[in-house]
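Trainee: File name entry-v8.pdb; file contents PDB, C-alpha atoms and all ligand atoms; full text below.
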```pdb
ATOM      1  CA  MET U   1      -0.881  27.666 -20.671
ATOM      2  CA  ASN U   2       1.038  24.389 -20.413
ATOM      3  CA  GLY U   3      -0.525  21.554 -18.446
ATOM      4  CA  TYR U   4       2.066  21.719 -15.709
ATOM      5  CA  GLN U   5       1.556  25.456 -15.239
ATOM      6  CA  GLN U   6      -2.115  24.768 -14.670
ATOM      7  CA  LEU U   7      -1.067  22.632 -11.691
ATOM      8  CA  ILE U   8       0.540  25.648 -10.051
ATOM      9  CA  VAL U   9      -2.509  27.791 -10.701
ATOM     10  CA  GLU U  10      -4.737  25.090  -9.206
ATOM     11  CA  ASN U  11      -2.407  24.789  -6.231
ATOM     12  CA  LYS U  12      -2.728  28.498  -5.495
ATOM     13  CA  ALA U  13      -6.506  28.336  -5.689
ATOM     14  CA  TRP U  14      -6.544  25.265  -3.410
ATOM     15  CA  ALA U  15      -4.281  26.884  -0.790
ATOM     16  CA  GLU U  16      -6.435  30.014  -0.792
ATOM     17  CA  SER U  17      -9.649  28.034  -0.414
ATOM     18  CA  LYS U  18      -8.207  26.140   2.561
ATOM     19  CA  VAL U  19      -7.205  29.328   4.366
ATOM     20  CA  LEU U  20     -10.555  30.909   3.559
ATOM     21  CA  ALA U  21     -12.370  27.999   5.201
ATOM     22  CA  ASP U  22      -9.942  27.736   8.120
ATOM     23  CA  PRO U  23      -7.286  30.441   8.700
ATOM     24  CA  PHE U  24      -5.167  28.058  10.850
ATOM     25  CA  TYR U  25      -5.306  25.105   8.456
ATOM     26  CA  PHE U  26      -1.648  25.182   7.409
ATOM     27  CA  LYS U  27      -0.377  26.409  10.771
ATOM     28  CA  ARG U  28      -1.829  23.319  12.426
ATOM     29  CA  LEU U  29      -0.456  20.906   9.832
ATOM     30  CA  GLU U  30       2.942  22.539  10.002
ATOM     31  CA  ASN U  31       3.298  21.745  13.667
ATOM     32  CA  ILE U  32       2.092  18.158  13.869
ATOM     33  CA  GLN U  33       2.169  14.986  11.860
ATOM     34  CA  HIS U  34       0.278  12.260  13.627
ATOM     35  CA  PRO U  35      -1.394  10.007  11.054
ATOM     36  CA  GLU U  36      -3.140   6.844  12.236
ATOM     37  CA  PHE U  37      -2.639   4.998   8.970
ATOM     38  CA  LEU U  38       0.148   3.871   6.666
ATOM     39  CA  TRP U  39      -1.064   3.289   3.119
ATOM     40  CA  ILE U  40       0.876   1.047   0.757
ATOM     41  CA  GLY U  41      -0.768   1.439  -2.630
ATOM     42  CA  CYS U  42      -0.179   1.199  -6.352
ATOM     43  CA  SER U  43       1.399   4.139  -8.183
ATOM     44  CA  ASP U  44      -1.588   4.106 -10.563
ATOM     45  CA  SER U  45      -2.879   7.679 -10.904
ATOM     46  CA  ARG U  46      -6.466   6.492 -10.521
ATOM     47  CA  VAL U  47      -6.028   5.332  -6.923
ATOM     48  CA  PRO U  48      -5.180   8.422  -4.831
ATOM     49  CA  ALA U  49      -5.130   7.387  -1.154
ATOM     50  CA  ASN U  50      -6.565  10.559   0.401
ATOM     51  CA  GLU U  51      -9.251  11.149  -2.168
ATOM     52  CA  ILE U  52     -10.802   7.676  -2.190
ATOM     53  CA  THR U  53     -10.845   7.486   1.622
ATOM     54  CA  GLY U  54     -12.118  11.004   2.199
ATOM     55  CA  THR U  55      -9.094  11.865   4.324
ATOM     56  CA  GLN U  56      -7.190  15.128   4.663
ATOM     57  CA  PRO U  57      -3.470  15.952   4.542
ATOM     58  CA  GLY U  58      -1.965  14.755   7.825
ATOM     59  CA  GLU U  59      -4.203  11.698   8.145
ATOM     60  CA  ILE U  60      -2.440   9.051   6.019
ATOM     61  CA  PHE U  61       1.267   8.334   5.640
ATOM     62  CA  VAL U  62       1.706   7.063   2.074
ATOM     63  CA  HIS U  63       4.022   4.763   0.161
ATOM     64  CA  ARG U  64       3.215   3.823  -3.423
ATOM     65  CA  ASN U  65       4.952   1.639  -5.960
ATOM     66  CA  VAL U  66       4.013  -0.427  -9.001
ATOM     67  CA  ALA U  67       1.437  -3.024  -7.864
ATOM     68  CA  ASN U  68       1.615  -2.158  -4.122
ATOM     69  CA  MET U  69       4.443  -4.530  -3.311
ATOM     70  CA  VAL U  70       6.162  -5.212   0.013
ATOM     71  CA  VAL U  71       9.599  -6.418  -1.049
ATOM     72  CA  HIS U  72      11.864  -7.215   1.875
ATOM     73  CA  THR U  73      14.969  -5.804   0.153
ATOM     74  CA  ASP U  74      13.294  -2.525  -0.834
ATOM     75  CA  LEU U  75      15.022   0.116   1.275
ATOM     76  CA  ASN U  76      12.473   2.718   0.298
ATOM     77  CA  LEU U  77       9.547   0.650   1.585
ATOM     78  CA  LEU U  78      11.450  -0.465   4.684
ATOM     79  CA  SER U  79      12.401   3.108   5.561
ATOM     80  CA  VAL U  80       8.802   4.259   5.241
ATOM     81  CA  LEU U  81       7.620   1.256   7.263
ATOM     82  CA  GLN U  82      10.110   1.771  10.061
ATOM     83  CA  TYR U  83       9.337   5.472  10.342
ATOM     84  CA  ALA U  84       5.581   4.883  10.264
ATOM     85  CA  VAL U  85       5.689   2.128  12.876
ATOM     86  CA  GLU U  86       8.417   3.299  15.242
ATOM     87  CA  VAL U  87       8.157   7.084  15.085
ATOM     88  CA  LEU U  88       4.609   7.874  13.950
ATOM     89  CA  GLN U  89       3.261   4.726  15.636
ATOM     90  CA  VAL U  90       0.477   4.209  13.126
ATOM     91  CA  LYS U  91      -2.354   1.977  14.340
ATOM     92  CA  HIS U  92      -3.191   0.434  10.978
ATOM     93  CA  ILE U  93      -1.328  -0.418   7.796
ATOM     94  CA  ILE U  94      -3.375  -0.821   4.650
ATOM     95  CA  VAL U  95      -2.063  -2.553   1.542
ATOM     96  CA  CYS U  96      -4.441  -1.450  -1.196
ATOM     97  CA  GLY U  97      -4.361  -3.083  -4.620
ATOM     98  CA  HIS U  98      -6.826  -2.413  -7.399
ATOM     99  CA  TYR U  99      -8.637  -4.393 -10.046
ATOM    100  CA  GLY U 100      -7.321  -3.706 -13.542
ATOM    101  CA  CYS U 101      -3.766  -3.226 -12.231
ATOM    102  CA  GLY U 102      -1.338  -2.925 -15.155
ATOM    103  CA  GLY U 103       1.527  -4.271 -13.041
ATOM    104  CA  VAL U 104      -0.343  -7.445 -12.099
ATOM    105  CA  LYS U 105      -1.504  -7.882 -15.682
ATOM    106  CA  ALA U 106       2.016  -7.482 -17.063
ATOM    107  CA  ALA U 107       3.316 -10.048 -14.566
ATOM    108  CA  MET U 108       0.951 -12.621 -16.111
ATOM    109  CA  THR U 109       2.517 -12.191 -19.547
ATOM    110  CA  ASN U 110       5.916 -13.099 -20.969
ATOM    111  CA  HIS U 111       6.591  -9.696 -22.501
ATOM    112  CA  ASN U 112      10.032  -8.279 -21.874
ATOM    113  CA  LEU U 113       9.409  -4.844 -20.391
ATOM    114  CA  GLY U 114      12.962  -4.007 -19.380
ATOM    115  CA  ILE U 115      13.844  -2.982 -15.842
ATOM    116  CA  ILE U 116      10.308  -3.424 -14.568
ATOM    117  CA  ASN U 117      10.598  -7.186 -15.229
ATOM    118  CA  LYS U 118      12.713  -7.372 -12.113
ATOM    119  CA  TRP U 119       9.986  -5.778 -10.026
ATOM    120  CA  LEU U 120       7.213  -7.868 -11.599
ATOM    121  CA  ARG U 121       9.170 -11.023 -10.807
ATOM    122  CA  ASN U 122       7.826 -10.677  -7.272
ATOM    123  CA  ILE U 123       4.244 -10.925  -8.579
ATOM    124  CA  LYS U 124       5.116 -13.865 -10.812
ATOM    125  CA  ASP U 125       6.199 -15.644  -7.637
ATOM    126  CA  VAL U 126       2.765 -14.972  -6.094
ATOM    127  CA  TYR U 127       1.171 -16.476  -9.217
ATOM    128  CA  ARG U 128       3.382 -19.540  -8.921
ATOM    129  CA  TYR U 129       2.438 -20.119  -5.255
ATOM    130  CA  HIS U 130      -1.256 -20.061  -6.179
ATOM    131  CA  ARG U 131      -1.117 -21.381  -9.739
ATOM    132  CA  ASP U 132      -3.765 -24.117  -9.304
ATOM    133  CA  GLU U 133      -6.321 -21.756  -7.785
ATOM    134  CA  ILE U 134      -5.768 -19.094 -10.468
ATOM    135  CA  ASP U 135      -5.563 -21.394 -13.492
ATOM    136  CA  GLY U 136      -8.807 -23.095 -12.421
ATOM    137  CA  LEU U 137     -10.770 -19.904 -13.140
ATOM    138  CA  ALA U 138     -12.688 -19.544 -16.386
ATOM    139  CA  THR U 139     -11.741 -16.175 -17.869
ATOM    140  CA  GLU U 140      -8.626 -14.049 -18.111
ATOM    141  CA  ALA U 141     -10.438 -11.299 -16.191
ATOM    142  CA  ASP U 142     -11.260 -13.722 -13.346
ATOM    143  CA  LYS U 143      -7.617 -14.825 -13.231
ATOM    144  CA  LEU U 144      -6.367 -11.258 -13.155
ATOM    145  CA  ASN U 145      -8.801 -10.327 -10.377
ATOM    146  CA  LYS U 146      -7.829 -13.363  -8.330
ATOM    147  CA  LEU U 147      -4.099 -12.676  -8.696
ATOM    148  CA  THR U 148      -4.733  -9.049  -7.693
ATOM    149  CA  GLU U 149      -6.446 -10.247  -4.491
ATOM    150  CA  LEU U 150      -3.847 -12.915  -3.737
ATOM    151  CA  ASN U 151      -1.080 -10.405  -4.347
ATOM    152  CA  VAL U 152      -2.549  -8.064  -1.721
ATOM    153  CA  GLN U 153      -2.822 -10.970   0.706
ATOM    154  CA  GLU U 154       0.791 -11.954   0.022
ATOM    155  CA  GLN U 155       2.052  -8.403   0.551
ATOM    156  CA  VAL U 156       0.238  -8.190   3.896
ATOM    157  CA  THR U 157       1.946 -11.405   5.001
ATOM    158  CA  ASN U 158       5.239  -9.976   3.737
ATOM    159  CA  LEU U 159       4.714  -7.071   6.126
ATOM    160  CA  ALA U 160       4.180  -9.493   9.008
ATOM    161  CA  LYS U 161       7.452 -11.234   8.169
ATOM    162  CA  THR U 162       9.494  -8.061   8.672
ATOM    163  CA  SER U 163      11.385  -7.587  11.935
ATOM    164  CA  ILE U 164       9.823  -4.093  12.131
ATOM    165  CA  ILE U 165       6.273  -5.474  12.414
ATOM    166  CA  GLN U 166       7.216  -8.432  14.594
ATOM    167  CA  LYS U 167       8.965  -6.128  17.052
ATOM    168  CA  ALA U 168       6.005  -3.715  17.153
ATOM    169  CA  TRP U 169       3.554  -6.562  17.703
ATOM    170  CA  LYS U 170       5.657  -7.868  20.568
ATOM    171  CA  GLN U 171       6.181  -4.460  22.184
ATOM    172  CA  HIS U 172       2.814  -2.736  21.845
ATOM    173  CA  ASN U 173       0.416  -5.053  20.086
ATOM    174  CA  ALA U 174       0.107  -2.795  17.038
ATOM    175  CA  PRO U 175      -0.268  -2.037  14.152
ATOM    176  CA  HIS U 176      -3.053  -4.074  12.583
ATOM    177  CA  LEU U 177      -2.535  -5.070   8.937
ATOM    178  CA  HIS U 178      -5.255  -4.854   6.301
ATOM    179  CA  GLY U 179      -5.471  -5.933   2.654
ATOM    180  CA  TRP U 180      -7.951  -4.127   0.410
ATOM    181  CA  VAL U 181      -8.713  -4.121  -3.299
ATOM    182  CA  TYR U 182     -10.120  -0.984  -4.912
ATOM    183  CA  SER U 183     -12.446  -1.149  -7.884
ATOM    184  CA  LEU U 184     -11.833   1.385 -10.648
ATOM    185  CA  SER U 185     -15.340   0.764 -11.988
ATOM    186  CA  ASP U 186     -17.325   1.857  -8.939
ATOM    187  CA  GLY U 187     -14.774   3.530  -6.661
ATOM    188  CA  LEU U 188     -15.366   1.083  -3.823
ATOM    189  CA  VAL U 189     -12.814  -0.657  -1.638
ATOM    190  CA  LYS U 190     -13.235  -4.336  -0.768
ATOM    191  CA  PRO U 191     -11.486  -5.599   2.375
ATOM    192  CA  ILE U 192     -10.169  -9.063   1.507
ATOM    193  CA  PHE U 193      -7.635 -10.019   4.149
ATOM    194  CA  GLU U 194      -6.388  -8.900   7.521
ATOM    195  CA  MET U 195      -3.790  -9.743  10.115
ATOM    196  CA  PRO U 196      -4.559  -8.199  13.498
ATOM    197  CA  ALA U 197      -1.506  -7.441  15.629
ATOM    198  CA  GLY U 198      -0.087 -10.640  17.084
ATOM    199  CA  SER U 199      -1.359 -12.854  14.248
ATOM    200  CA  HIS U 200       0.314 -16.182  13.747
ATOM    201  CA  ILE U 201       2.986 -16.292  11.063
ATOM    202  CA  ASP U 202       4.948 -19.227   9.686
ATOM    203  CA  ALA U 203       7.556 -20.032  12.354
ATOM    204  CA  LEU U 204      10.258 -20.066   9.703
ATOM    205  CA  TYR U 205      10.013 -16.276   9.509
ATOM    206  CA  GLU U 206       9.871 -15.545  13.235
ATOM    207  CA  PHE U 207      12.787 -13.739  14.848
ATOM    208  CA  ASP U 208      13.667 -14.963  18.336
ATOM    209  CA  ASP U 209      15.615 -11.951  19.580
ATOM    210  CA  LEU U 210      13.215  -9.024  19.275
TER     211      LEU U 210
HETATM  212 CO    CO S   1      -1.770  -0.857 -10.342
END
```
Could the structure of this file be written out as C-alpha cells, please?
Mentor:
Amino acid sequence: MNGYQQLIVENKAWAESKVLADPFYFKRLENIQHPEFLWIGCSDSRVPANEITGTQPGEIFVHRNVANMVVHTDLNLLSVLQYAVEVLQVKHIIVCGHYGCGGVKAAMTNHNLGIINKWLRNIKDVYRYHRDEIDGLATEADKLNKLTELNVQEQVTNLAKTSIIQKAWKQHNAPHLHGWVYSLSDGLVKPIFEMPAGSHIDALYEFDDL
C-alpha cells in the first residue's frame, strides 16, 4: 500500500474510534465552530498545533506558514486574522515559533533559495533590528535560538500594528496576544512575550479612525 493510501485507512479508523467513544462527536462539530484561540505557527510538520496543546478539533483556529510570520501584505494571514477576530471572536492569538526552525536558519545565511528568499527577507529584517544583541552571543546555536525568540516577539508586535487588532482592542478589549517558542527536543512550549489587549504600541502605527 502506498503511503498516502495508508492515510485514508488511518482516517477511517480514527473516525470510527471517535464515533465509538461519542456517537454525537461529528454531529456536534458540524453545527458549531467556536474556538477560543487563533494559532499562527510554522508549517514544520513537527509542530502540530492541536497535538502539542492537547486540544481537539473545534478548539483552535489555525494558520501556518514558513517561520510563523505575520506579514502585513499577506492576504492569506489577514483573511484568517479578520475572520478569527471579527467573526469567531477568539480570546487569544498565539504566535508559536520553534527552536531549530529551518526558515529562521536559512534567513541567517546568504544562500539563494529561490522564491522563499522573498519570504525570508522578513526574518532578515528582524535580524537587522536586533543585530547587536544576536551577534554578541557566543555560538551559532545561541544566535539561532535568540533570532527565533525575537522573531516571535516581532510577529506579535506585527499583529498589534494591524487595523484588525487595534479595532478589536478598542471595541471589546480582546484578543490577547501571546508569543511562544516550542522546543523540538522536549516537546515543551516556552512563553516568551505577550501583549494583553490594549497594550501600548508605537504611535507611528496607530490608526486614529477606528
Ligand atoms: Co519552522
Trainee: Can you tell me how far CA of Glu59 (chain U) sits from CA of Gln33 (chain U), in Å to one decimal?
Mentor: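 Computing the Euclidean distance for CA of Glu59 (chain U) and CA of Gln33 (chain U) yields 8.1 Å.
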Trainee: Check which residues fall inside 8 Å of ligand CO 1 (chain S) when counting only C-alpha atoms and all ligand atoms, and print them as a list of chain:residue names.
Mentor: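 Residues lying within 8 Å of ligand CO 1 (chain S): U:Cys42, U:Ser43, U:Asp44, U:Val66, U:Ala67, U:Asn68, U:Gly97, U:His98, U:Tyr99, U:Gly100, U:Cys101, U:Gly102, U:Gly103, U:Val104.
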Trainee: For a quick check of understanding, using all atoms listed in the file, which of U:Asn65, U:Ala13, U:Thr139, U:Ser79 has the smallest distance to Ser45 (chain U)?
Mentor: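 Counting all atoms listed in the file, the residue closest to Ser45 (chain U) is U:Asn65.
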Trainee: U:Tyr83, U:Tyr182, U:Glu206, U:Ala197: which is nearest Thr53 (chain U), counting only C-alpha atoms?
Mentor: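 Result for the nearest residue to Thr53 (chain U): U:Tyr182.
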Trainee: Go through U:Gln155, U:Asn145, U:Asn110, U:Gln171 one by one, measure the shortest atom-to-atom distance of each to Asn122 (chain U) using all atoms listed in the file, and give the residue with the smallest value.
Mentor: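 Of all the options, U:Gln155 lies closest to Asn122 (chain U).
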Trainee: Could you write out as a PyMOL selection string the residues that the PyMOL selection byres (((chain U and resi 37) around 7) and not hetatm) matches in the shown file?
Mentor: chain U and resi 35-36+38-39+59-61+90-93
Trainee: Check the smallest atom-to-atom distance from each of U:Ala174, U:Ile164, U:Leu188, U:Val181 to Thr148 (chain U) using only C-alpha atoms, then report the winner.
Mentor: U:Val181
Trainee: Would you kindly return, as a PyMOL selection string, each protein, DNA or RNA residue with an atom no farther than 8 Å from any atom of Gly198 (chain U), considering all atoms listed in the file and excluding same-chain residues fewer than 5 positions away?
Mentor: chain U and resi 169-170+173-174
Trainee: Between CA of Gln6 (chain U) and CA of Val47 (chain U), what is the distance in Å, rounded to a tenth?
Mentor: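 Here the two named atoms are 21.3 Å from each other.
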Trainee: Because some atoms of region 66-93 of chain U are absent here, can you restore N, CA and C atoms and send them as a PDB file, in the frame of the given file?
Mentor:
```
ATOM      1  N   VAL U  66       4.755   0.334  -7.999  1.00  0.00           N
ATOM      2  CA  VAL U  66       4.013  -0.427  -9.001  1.00  0.00           C
ATOM      3  C   VAL U  66       3.468  -1.708  -8.366  1.00  0.00           C
ATOM      4  N   ALA U  67       2.159  -1.836  -8.349  1.00  0.00           N
ATOM      5  CA  ALA U  67       1.437  -3.024  -7.864  1.00  0.00           C
ATOM      6  C   ALA U  67       1.539  -3.234  -6.352  1.00  0.00           C
ATOM      7  N   ASN U  68       1.686  -2.116  -5.598  1.00  0.00           N
ATOM      8  CA  ASN U  68       1.615  -2.158  -4.122  1.00  0.00           C
ATOM      9  C   ASN U  68       2.350  -3.340  -3.486  1.00  0.00           C
ATOM     10  N   MET U  69       3.635  -3.403  -3.768  1.00  0.00           N
ATOM     11  CA  MET U  69       4.443  -4.530  -3.311  1.00  0.00           C
ATOM     12  C   MET U  69       5.166  -4.230  -1.987  1.00  0.00           C
ATOM     13  N   VAL U  70       5.334  -5.290  -1.186  1.00  0.00           N
ATOM     14  CA  VAL U  70       6.162  -5.212   0.013  1.00  0.00           C
ATOM     15  C   VAL U  70       7.325  -6.171  -0.206  1.00  0.00           C
ATOM     16  N   VAL U  71       8.431  -5.608  -0.700  1.00  0.00           N
ATOM     17  CA  VAL U  71       9.599  -6.418  -1.049  1.00  0.00           C
ATOM     18  C   VAL U  71      10.645  -6.219   0.043  1.00  0.00           C
ATOM     19  N   HIS U  72      11.066  -7.330   0.650  1.00  0.00           N
ATOM     20  CA  HIS U  72      11.864  -7.215   1.875  1.00  0.00           C
ATOM     21  C   HIS U  72      13.269  -6.643   1.674  1.00  0.00           C
ATOM     22  N   THR U  73      13.674  -6.435   0.401  1.00  0.00           N
ATOM     23  CA  THR U  73      14.969  -5.804   0.153  1.00  0.00           C
ATOM     24  C   THR U  73      14.807  -4.363  -0.337  1.00  0.00           C
ATOM     25  N   ASP U  74      13.570  -3.871  -0.335  1.00  0.00           N
ATOM     26  CA  ASP U  74      13.294  -2.525  -0.834  1.00  0.00           C
ATOM     27  C   ASP U  74      13.518  -1.509   0.292  1.00  0.00           C
ATOM     28  N   LEU U  75      14.654  -0.837   0.220  1.00  0.00           N
ATOM     29  CA  LEU U  75      15.022   0.116   1.275  1.00  0.00           C
ATOM     30  C   LEU U  75      14.042   1.268   1.405  1.00  0.00           C
ATOM     31  N   ASN U  76      13.458   1.641   0.276  1.00  0.00           N
ATOM     32  CA  ASN U  76      12.473   2.718   0.298  1.00  0.00           C
ATOM     33  C   ASN U  76      11.270   2.302   1.150  1.00  0.00           C
ATOM     34  N   LEU U  77      10.698   1.161   0.813  1.00  0.00           N
ATOM     35  CA  LEU U  77       9.547   0.650   1.585  1.00  0.00           C
ATOM     36  C   LEU U  77       9.916   0.444   3.054  1.00  0.00           C
ATOM     37  N   LEU U  78      11.061  -0.159   3.299  1.00  0.00           N
ATOM     38  CA  LEU U  78      11.450  -0.465   4.684  1.00  0.00           C
ATOM     39  C   LEU U  78      11.668   0.809   5.504  1.00  0.00           C
ATOM     40  N   SER U  79      12.189   1.831   4.857  1.00  0.00           N
ATOM     41  CA  SER U  79      12.401   3.108   5.561  1.00  0.00           C
ATOM     42  C   SER U  79      11.067   3.740   5.930  1.00  0.00           C
ATOM     43  N   VAL U  80      10.139   3.718   4.984  1.00  0.00           N
ATOM     44  CA  VAL U  80       8.802   4.259   5.241  1.00  0.00           C
ATOM     45  C   VAL U  80       8.131   3.459   6.356  1.00  0.00           C
ATOM     46  N   LEU U  81       8.258   2.145   6.275  1.00  0.00           N
ATOM     47  CA  LEU U  81       7.620   1.256   7.263  1.00  0.00           C
ATOM     48  C   LEU U  81       8.183   1.501   8.656  1.00  0.00           C
ATOM     49  N   GLN U  82       9.499   1.570   8.745  1.00  0.00           N
ATOM     50  CA  GLN U  82      10.110   1.771  10.061  1.00  0.00           C
ATOM     51  C   GLN U  82       9.688   3.112  10.665  1.00  0.00           C
ATOM     52  N   TYR U  83       9.718   4.149   9.840  1.00  0.00           N
ATOM     53  CA  TYR U  83       9.337   5.472  10.342  1.00  0.00           C
ATOM     54  C   TYR U  83       7.873   5.491  10.778  1.00  0.00           C
ATOM     55  N   ALA U  84       7.020   4.892   9.956  1.00  0.00           N
ATOM     56  CA  ALA U  84       5.581   4.883  10.264  1.00  0.00           C
ATOM     57  C   ALA U  84       5.289   4.114  11.552  1.00  0.00           C
ATOM     58  N   VAL U  85       5.977   2.998  11.731  1.00  0.00           N
ATOM     59  CA  VAL U  85       5.689   2.128  12.876  1.00  0.00           C
ATOM     60  C   VAL U  85       6.378   2.626  14.148  1.00  0.00           C
ATOM     61  N   GLU U  86       7.653   2.998  14.025  1.00  0.00           N
ATOM     62  CA  GLU U  86       8.417   3.299  15.242  1.00  0.00           C
ATOM     63  C   GLU U  86       8.330   4.769  15.667  1.00  0.00           C
ATOM     64  N   VAL U  87       8.201   5.663  14.724  1.00  0.00           N
ATOM     65  CA  VAL U  87       8.157   7.084  15.085  1.00  0.00           C
ATOM     66  C   VAL U  87       6.706   7.603  15.105  1.00  0.00           C
ATOM     67  N   LEU U  88       5.998   7.392  14.000  1.00  0.00           N
ATOM     68  CA  LEU U  88       4.609   7.874  13.950  1.00  0.00           C
ATOM     69  C   LEU U  88       3.663   6.969  14.735  1.00  0.00           C
ATOM     70  N   GLN U  89       4.076   5.728  14.925  1.00  0.00           N
ATOM     71  CA  GLN U  89       3.261   4.726  15.636  1.00  0.00           C
ATOM     72  C   GLN U  89       1.844   4.625  15.077  1.00  0.00           C
ATOM     73  N   VAL U  90       1.787   4.378  13.770  1.00  0.00           N
ATOM     74  CA  VAL U  90       0.477   4.209  13.126  1.00  0.00           C
ATOM     75  C   VAL U  90      -0.241   3.003  13.730  1.00  0.00           C
ATOM     76  N   LYS U  91      -1.562   3.077  13.751  1.00  0.00           N
ATOM     77  CA  LYS U  91      -2.354   1.977  14.340  1.00  0.00           C
ATOM     78  C   LYS U  91      -2.712   0.920  13.295  1.00  0.00           C
ATOM     79  N   HIS U  92      -2.780   1.355  12.036  1.00  0.00           N
ATOM     80  CA  HIS U  92      -3.191   0.434  10.978  1.00  0.00           C
ATOM     81  C   HIS U  92      -2.312   0.622   9.744  1.00  0.00           C
ATOM     82  N   ILE U  93      -2.008  -0.495   9.082  1.00  0.00           N
ATOM     83  CA  ILE U  93      -1.328  -0.418   7.796  1.00  0.00           C
ATOM     84  C   ILE U  93      -2.240  -1.067   6.760  1.00  0.00           C
TER      85      ILE U  93
END
```
